[in-house]
Amino acid sequence: MKDNTAIICVVTEGEIYSLATRNGWGERKIKLLDELLENYIVADIHSKDVTKMYAQIDAFSQGRLKTMQSNFSARNMSKNDIWIAAVSTILDAILITTDNDFDHLDPNFLKCIKVKSNL
């Protein structure tokens with residue numbers, strides 16, 4: 001059996017802290033979040049490979065990537081989701097999500113697994 005390593009994109013980390021701030025989490029809850037996030041490798045976006053992949057995924061999502069045909073209507077992905085997808089693609093990581101925002105990228109760019117949200 002292959003070992004798995006949990007990786008979180010720095011953009012996702014920012015989204016989590018933003019959610020905590022907007023929902024008024026207190027000091028104790030933020031400290032627990034800090035401790036939880038310490039268990040993950042944080043993948044940065046500051047790489048030429050990631051920024052080039054960002055451009056390809058954005059163009060593909062808009063149906064404007066000349067090197068790949070798309071079989072869906074153009075969609076506007078959030079800029080954060082494009083960064084997350086670019087990092088996942090470059091790392092050849094499986095993207096775990098609770099929504100359908102990445103479906104059109106599977107399998108051309110990344111492998112996506114959806115999990116049920118308890119929220």
# chains A, B, ... in the order shown; residues from 1 in each chain; ligands from 1
>>> select_by_dssp(residues="chain A", states="strand (DSSP E or B)", output="VMD selection string")
chain A and resid 7 to 9 41 to 43 94 to 97 111 to 114
>>> write_last_selection(atoms="N, CA, C and O atoms", output="PDB file, in the first residue's frame")
ATOM      1  N   ILE A   7      -1.293  17.390   1.834  1.00  0.00           N
ATOM      2  CA  ILE A   7      -0.739  18.679   1.412  1.00  0.00           C
ATOM      3  C   ILE A   7      -1.902  19.658   1.320  1.00  0.00           C
ATOM      4  O   ILE A   7      -2.977  19.305   0.836  1.00  0.00           O
ATOM      5  N   ILE A   8      -1.667  20.865   1.751  1.00  0.00           N
ATOM      6  CA  ILE A   8      -2.684  21.903   1.632  1.00  0.00           C
ATOM      7  C   ILE A   8      -2.048  23.088   0.895  1.00  0.00           C
ATOM      8  O   ILE A   8      -0.901  23.438   1.138  1.00  0.00           O
ATOM      9  N   CYS A   9      -2.780  23.647  -0.020  1.00  0.00           N
ATOM     10  CA  CYS A   9      -2.287  24.809  -0.757  1.00  0.00           C
ATOM     11  C   CYS A   9      -2.346  26.034   0.153  1.00  0.00           C
ATOM     12  O   CYS A   9      -3.292  26.192   0.938  1.00  0.00           O
ATOM     13  N   ILE A  41       1.683  19.638   5.016  1.00  0.00           N
ATOM     14  CA  ILE A  41       2.685  20.352   4.235  1.00  0.00           C
ATOM     15  C   ILE A  41       1.933  21.456   3.503  1.00  0.00           C
ATOM     16  O   ILE A  41       0.877  21.207   2.907  1.00  0.00           O
ATOM     17  N   VAL A  42       2.440  22.670   3.547  1.00  0.00           N
ATOM     18  CA  VAL A  42       1.787  23.787   2.863  1.00  0.00           C
ATOM     19  C   VAL A  42       2.519  24.033   1.546  1.00  0.00           C
ATOM     20  O   VAL A  42       3.706  24.334   1.526  1.00  0.00           O
ATOM     21  N   ALA A  43       1.790  23.873   0.454  1.00  0.00           N
ATOM     22  CA  ALA A  43       2.360  24.073  -0.877  1.00  0.00           C
ATOM     23  C   ALA A  43       2.178  25.527  -1.286  1.00  0.00           C
ATOM     24  O   ALA A  43       1.087  26.084  -1.221  1.00  0.00           O
ATOM     25  N   ILE A  94      -3.826  14.275  -5.721  1.00  0.00           N
ATOM     26  CA  ILE A  94      -5.278  14.105  -5.827  1.00  0.00           C
ATOM     27  C   ILE A  94      -5.922  15.245  -5.058  1.00  0.00           C
ATOM     28  O   ILE A  94      -5.592  15.480  -3.900  1.00  0.00           O
ATOM     29  N   LEU A  95      -6.830  15.947  -5.718  1.00  0.00           N
ATOM     30  CA  LEU A  95      -7.505  17.069  -5.081  1.00  0.00           C
ATOM     31  C   LEU A  95      -8.772  16.547  -4.408  1.00  0.00           C
ATOM     32  O   LEU A  95      -9.612  15.929  -5.049  1.00  0.00           O
ATOM     33  N   ILE A  96      -8.883  16.777  -3.112  1.00  0.00           N
ATOM     34  CA  ILE A  96     -10.059  16.364  -2.356  1.00  0.00           C
ATOM     35  C   ILE A  96     -10.908  17.596  -2.112  1.00  0.00           C
ATOM     36  O   ILE A  96     -10.413  18.609  -1.611  1.00  0.00           O
ATOM     37  N   THR A  97     -12.179  17.509  -2.477  1.00  0.00           N
ATOM     38  CA  THR A  97     -13.067  18.668  -2.412  1.00  0.00           C
ATOM     39  C   THR A  97     -14.462  18.244  -1.976  1.00  0.00           C
ATOM     40  O   THR A  97     -14.798  17.054  -2.009  1.00  0.00           O
ATOM     41  N   LYS A 111      -6.674  14.675 -10.796  1.00  0.00           N
ATOM     42  CA  LYS A 111      -7.617  13.675 -10.307  1.00  0.00           C
ATOM     43  C   LYS A 111      -8.335  14.301  -9.130  1.00  0.00           C
ATOM     44  O   LYS A 111      -7.714  14.889  -8.241  1.00  0.00           O
ATOM     45  N   CYS A 112      -9.655  14.192  -9.129  1.00  0.00           N
ATOM     46  CA  CYS A 112     -10.475  14.850  -8.128  1.00  0.00           C
ATOM     47  C   CYS A 112     -11.312  13.815  -7.381  1.00  0.00           C
ATOM     48  O   CYS A 112     -11.894  12.930  -8.001  1.00  0.00           O
ATOM     49  N   ILE A 113     -11.359  13.926  -6.071  1.00  0.00           N
ATOM     50  CA  ILE A 113     -12.222  13.076  -5.242  1.00  0.00           C
ATOM     51  C   ILE A 113     -13.132  13.995  -4.450  1.00  0.00           C
ATOM     52  O   ILE A 113     -12.680  14.940  -3.807  1.00  0.00           O
ATOM     53  N   LYS A 114     -14.437  13.699  -4.498  1.00  0.00           N
ATOM     54  CA  LYS A 114     -15.403  14.487  -3.747  1.00  0.00           C
ATOM     55  C   LYS A 114     -15.761  13.751  -2.460  1.00  0.00           C
ATOM     56  O   LYS A 114     -15.975  12.541  -2.478  1.00  0.00           O
TER      57      LYS A 114
END
>>> residues_around(residues="A:Tyr54", least_positions_apart="3", cutoff="9 Å", atoms="only C-alpha atoms", output="number ranges by chain")
A: 49-51, 57-59, 82-87
>>> write_last_selection(atoms="all heavy atoms", output="short mmCIF file (atom, residue, chain, number, x, y, z; two decimals), in the first residue's frame")
data_model
loop_
_atom_site.label_atom_id
_atom_site.label_comp_id
_atom_site.auth_asym_id
_atom_site.auth_seq_id
_atom_site.Cartn_x
_atom_site.Cartn_y
_atom_site.Cartn_z
N ASP A 49 6.32 27.03 -12.74
CA ASP A 49 5.47 25.92 -13.18
C ASP A 49 4.02 26.11 -12.74
O ASP A 49 3.09 25.89 -13.52
CB ASP A 49 5.99 24.58 -12.64
CG ASP A 49 7.30 24.16 -13.27
OD1 ASP A 49 7.62 24.63 -14.38
OD2 ASP A 49 8.02 23.35 -12.64
N VAL A 50 3.83 26.54 -11.50
CA VAL A 50 2.47 26.75 -10.99
C VAL A 50 1.81 27.91 -11.72
O VAL A 50 0.64 27.82 -12.12
CB VAL A 50 2.47 26.98 -9.46
CG1 VAL A 50 1.09 27.41 -8.97
CG2 VAL A 50 2.92 25.71 -8.73
N THR A 51 2.52 29.02 -11.92
CA THR A 51 1.90 30.16 -12.58
C THR A 51 1.56 29.86 -14.04
O THR A 51 0.52 30.30 -14.54
CB THR A 51 2.77 31.43 -12.49
OG1 THR A 51 4.07 31.17 -12.99
CG2 THR A 51 2.87 31.92 -11.06
N ILE A 57 -5.01 26.35 -16.96
CA ILE A 57 -6.30 25.95 -16.37
C ILE A 57 -7.34 27.04 -16.56
O ILE A 57 -8.50 26.75 -16.89
CB ILE A 57 -6.12 25.58 -14.88
CG1 ILE A 57 -5.34 24.26 -14.77
CG2 ILE A 57 -7.46 25.49 -14.16
CD1 ILE A 57 -4.92 23.89 -13.38
N ASP A 58 -6.96 28.29 -16.40
CA ASP A 58 -7.89 29.40 -16.60
C ASP A 58 -8.38 29.42 -18.04
O ASP A 58 -9.59 29.52 -18.30
CB ASP A 58 -7.23 30.71 -16.21
CG ASP A 58 -8.20 31.87 -16.12
OD1 ASP A 58 -9.39 31.65 -15.82
OD2 ASP A 58 -7.77 33.02 -16.33
N ALA A 59 -7.46 29.30 -18.99
CA ALA A 59 -7.84 29.30 -20.41
C ALA A 59 -8.71 28.09 -20.73
O ALA A 59 -9.72 28.21 -21.44
CB ALA A 59 -6.60 29.32 -21.29
N ILE A 82 -8.50 28.28 -9.08
CA ILE A 82 -7.52 28.06 -10.15
C ILE A 82 -6.14 27.84 -9.54
O ILE A 82 -5.40 26.94 -9.96
CB ILE A 82 -7.51 29.22 -11.16
CG1 ILE A 82 -8.88 29.35 -11.84
CG2 ILE A 82 -6.41 28.98 -12.21
CD1 ILE A 82 -9.03 30.60 -12.68
N TRP A 83 -5.77 28.63 -8.53
CA TRP A 83 -4.47 28.44 -7.87
C TRP A 83 -4.40 27.05 -7.23
O TRP A 83 -3.39 26.35 -7.35
CB TRP A 83 -4.23 29.50 -6.80
CG TRP A 83 -3.83 30.83 -7.33
CD1 TRP A 83 -4.51 32.01 -7.19
CD2 TRP A 83 -2.66 31.15 -8.10
NE1 TRP A 83 -3.83 33.03 -7.83
CE2 TRP A 83 -2.70 32.53 -8.39
CE3 TRP A 83 -1.58 30.40 -8.58
CZ2 TRP A 83 -1.70 33.17 -9.12
CZ3 TRP A 83 -0.59 31.04 -9.31
CH2 TRP A 83 -0.66 32.41 -9.57
N ILE A 84 -5.46 26.65 -6.55
CA ILE A 84 -5.49 25.35 -5.89
C ILE A 84 -5.35 24.23 -6.92
O ILE A 84 -4.58 23.28 -6.74
CB ILE A 84 -6.78 25.20 -5.06
CG1 ILE A 84 -6.75 26.20 -3.89
CG2 ILE A 84 -6.97 23.77 -4.58
CD1 ILE A 84 -8.10 26.43 -3.24
N ALA A 85 -6.06 24.34 -8.03
CA ALA A 85 -5.97 23.34 -9.09
C ALA A 85 -4.58 23.31 -9.71
O ALA A 85 -4.05 22.22 -10.01
CB ALA A 85 -7.03 23.61 -10.17
N ALA A 86 -3.99 24.46 -9.90
CA ALA A 86 -2.64 24.52 -10.50
C ALA A 86 -1.62 23.83 -9.61
O ALA A 86 -0.78 23.06 -10.08
CB ALA A 86 -2.24 25.98 -10.76
N VAL A 87 -1.69 24.09 -8.32
CA VAL A 87 -0.77 23.44 -7.38
C VAL A 87 -0.99 21.93 -7.38
O VAL A 87 -0.03 21.15 -7.45
CB VAL A 87 -0.92 24.03 -5.96
CG1 VAL A 87 -0.22 23.16 -4.92
CG2 VAL A 87 -0.38 25.45 -5.91
#
>>> select_by_dssp(residues="chain A", states="helix (DSSP H, G or I)", output="MDAnalysis selection string")
chainID A and resid 10:22 27:37 48:61 79:91 103:105
>>> atom_distance(atom1="atom CA of A:Met77", atom2="atom CA of A:Asp101")
7.1 Å
>>> residues_around(residues="A:Ala74", least_positions_apart="6", cutoff="12 Å", atoms="only C-alpha atoms", output="JSON, numbers by chain")
{"A": [57, 58, 59, 60, 61, 62, 63, 64, 65, 104]}
>>> write_last_selection(atoms="all heavy atoms", output="PDB file, in the first residue's frame")
ATOM      1  N   ILE A  57      -5.012  26.349 -16.957  1.00  0.00           N
ATOM      2  CA  ILE A  57      -6.296  25.952 -16.370  1.00  0.00           C
ATOM      3  C   ILE A  57      -7.341  27.036 -16.559  1.00  0.00           C
ATOM      4  O   ILE A  57      -8.500  26.752 -16.891  1.00  0.00           O
ATOM      5  CB  ILE A  57      -6.124  25.580 -14.884  1.00  0.00           C
ATOM      6  CG1 ILE A  57      -5.344  24.264 -14.774  1.00  0.00           C
ATOM      7  CG2 ILE A  57      -7.462  25.491 -14.161  1.00  0.00           C
ATOM      8  CD1 ILE A  57      -4.918  23.886 -13.377  1.00  0.00           C
ATOM      9  N   ASP A  58      -6.955  28.290 -16.396  1.00  0.00           N
ATOM     10  CA  ASP A  58      -7.888  29.396 -16.595  1.00  0.00           C
ATOM     11  C   ASP A  58      -8.379  29.422 -18.044  1.00  0.00           C
ATOM     12  O   ASP A  58      -9.586  29.518 -18.302  1.00  0.00           O
ATOM     13  CB  ASP A  58      -7.228  30.711 -16.214  1.00  0.00           C
ATOM     14  CG  ASP A  58      -8.202  31.868 -16.118  1.00  0.00           C
ATOM     15  OD1 ASP A  58      -9.388  31.651 -15.824  1.00  0.00           O
ATOM     16  OD2 ASP A  58      -7.767  33.020 -16.327  1.00  0.00           O
ATOM     17  N   ALA A  59      -7.464  29.303 -18.988  1.00  0.00           N
ATOM     18  CA  ALA A  59      -7.844  29.302 -20.405  1.00  0.00           C
ATOM     19  C   ALA A  59      -8.713  28.090 -20.734  1.00  0.00           C
ATOM     20  O   ALA A  59      -9.725  28.210 -21.438  1.00  0.00           O
ATOM     21  CB  ALA A  59      -6.598  29.319 -21.288  1.00  0.00           C
ATOM     22  N   PHE A  60      -8.346  26.914 -20.233  1.00  0.00           N
ATOM     23  CA  PHE A  60      -9.124  25.706 -20.479  1.00  0.00           C
ATOM     24  C   PHE A  60     -10.545  25.857 -19.938  1.00  0.00           C
ATOM     25  O   PHE A  60     -11.520  25.500 -20.607  1.00  0.00           O
ATOM     26  CB  PHE A  60      -8.434  24.501 -19.825  1.00  0.00           C
ATOM     27  CG  PHE A  60      -9.181  23.206 -19.984  1.00  0.00           C
ATOM     28  CD1 PHE A  60      -9.146  22.515 -21.190  1.00  0.00           C
ATOM     29  CD2 PHE A  60      -9.905  22.670 -18.936  1.00  0.00           C
ATOM     30  CE1 PHE A  60      -9.830  21.306 -21.344  1.00  0.00           C
ATOM     31  CE2 PHE A  60     -10.587  21.470 -19.075  1.00  0.00           C
ATOM     32  CZ  PHE A  60     -10.549  20.794 -20.284  1.00  0.00           C
ATOM     33  N   SER A  61     -10.667  26.398 -18.741  1.00  0.00           N
ATOM     34  CA  SER A  61     -11.984  26.572 -18.125  1.00  0.00           C
ATOM     35  C   SER A  61     -12.868  27.518 -18.921  1.00  0.00           C
ATOM     36  O   SER A  61     -14.091  27.386 -18.922  1.00  0.00           O
ATOM     37  CB  SER A  61     -11.831  27.096 -16.693  1.00  0.00           C
ATOM     38  OG  SER A  61     -11.145  26.155 -15.901  1.00  0.00           O
ATOM     39  N   GLN A  62     -12.235  28.462 -19.610  1.00  0.00           N
ATOM     40  CA  GLN A  62     -12.970  29.404 -20.452  1.00  0.00           C
ATOM     41  C   GLN A  62     -13.194  28.858 -21.862  1.00  0.00           C
ATOM     42  O   GLN A  62     -13.763  29.544 -22.713  1.00  0.00           O
ATOM     43  CB  GLN A  62     -12.202  30.729 -20.533  1.00  0.00           C
ATOM     44  CG  GLN A  62     -12.117  31.469 -19.218  1.00  0.00           C
ATOM     45  CD  GLN A  62     -13.472  31.947 -18.755  1.00  0.00           C
ATOM     46  OE1 GLN A  62     -14.245  32.481 -19.543  1.00  0.00           O
ATOM     47  NE2 GLN A  62     -13.771  31.732 -17.501  1.00  0.00           N
ATOM     48  N   GLY A  63     -12.709  27.636 -22.128  1.00  0.00           N
ATOM     49  CA  GLY A  63     -12.833  27.052 -23.459  1.00  0.00           C
ATOM     50  C   GLY A  63     -11.913  27.715 -24.465  1.00  0.00           C
ATOM     51  O   GLY A  63     -12.173  27.690 -25.670  1.00  0.00           O
ATOM     52  N   ARG A  64     -10.797  28.295 -23.987  1.00  0.00           N
ATOM     53  CA  ARG A  64      -9.918  29.056 -24.863  1.00  0.00           C
ATOM     54  C   ARG A  64      -8.480  28.550 -24.892  1.00  0.00           C
ATOM     55  O   ARG A  64      -7.583  29.246 -25.326  1.00  0.00           O
ATOM     56  CB  ARG A  64      -9.941  30.532 -24.447  1.00  0.00           C
ATOM     57  CG  ARG A  64     -11.378  31.087 -24.524  1.00  0.00           C
ATOM     58  CD  ARG A  64     -11.439  32.536 -24.326  1.00  0.00           C
ATOM     59  NE  ARG A  64     -10.794  33.190 -25.464  1.00  0.00           N
ATOM     60  CZ  ARG A  64     -10.523  34.466 -25.500  1.00  0.00           C
ATOM     61  NH1 ARG A  64     -10.817  35.232 -24.484  1.00  0.00           N
ATOM     62  NH2 ARG A  64      -9.936  34.990 -26.542  1.00  0.00           N
ATOM     63  N   LEU A  65      -8.268  27.312 -24.446  1.00  0.00           N
ATOM     64  CA  LEU A  65      -6.938  26.730 -24.515  1.00  0.00           C
ATOM     65  C   LEU A  65      -6.824  26.017 -25.855  1.00  0.00           C
ATOM     66  O   LEU A  65      -7.457  24.988 -26.085  1.00  0.00           O
ATOM     67  CB  LEU A  65      -6.698  25.755 -23.352  1.00  0.00           C
ATOM     68  CG  LEU A  65      -5.312  25.152 -23.257  1.00  0.00           C
ATOM     69  CD1 LEU A  65      -4.242  26.231 -23.071  1.00  0.00           C
ATOM     70  CD2 LEU A  65      -5.249  24.150 -22.109  1.00  0.00           C
ATOM     71  N   HIS A 104     -14.619  19.632 -14.139  1.00  0.00           N
ATOM     72  CA  HIS A 104     -14.268  19.751 -15.557  1.00  0.00           C
ATOM     73  C   HIS A 104     -12.761  19.594 -15.802  1.00  0.00           C
ATOM     74  O   HIS A 104     -12.334  19.419 -16.935  1.00  0.00           O
ATOM     75  CB  HIS A 104     -14.770  21.083 -16.125  1.00  0.00           C
ATOM     76  CG  HIS A 104     -14.056  22.276 -15.584  1.00  0.00           C
ATOM     77  ND1 HIS A 104     -14.215  22.729 -14.287  1.00  0.00           N
ATOM     78  CD2 HIS A 104     -13.156  23.101 -16.160  1.00  0.00           C
ATOM     79  CE1 HIS A 104     -13.460  23.787 -14.102  1.00  0.00           C
ATOM     80  NE2 HIS A 104     -12.798  24.042 -15.220  1.00  0.00           N
TER      81      HIS A 104
END
>>> closest_atom_pairs(of="stretch 50-81 of chain A", to="stretch 14-27 of chain A", cutoff="12 Å", atoms="only C-alpha atoms", output="Markdown table")
| residue | atom | partner | partner_atom | distance |
| --- | --- | --- | --- | --- |
| A:Lys79 | CA | A:Glu15 | CA | 11.9 |
| A:Asn80 | CA | A:Glu15 | CA | 8.5 |
| A:Asp81 | CA | A:Glu15 | CA | 10.4 |
>>> write_last_selection(atoms="C-alpha atoms", output="PDB file, in the first residue's frame")
ATOM      1  CA  LYS A  79      -9.184  32.711  -8.876  1.00  0.00           C
ATOM      2  CA  ASN A  80      -8.449  30.859  -5.629  1.00  0.00           C
ATOM      3  CA  ASP A  81      -9.764  27.593  -7.110  1.00  0.00           C
TER       4      ASP A  81
END
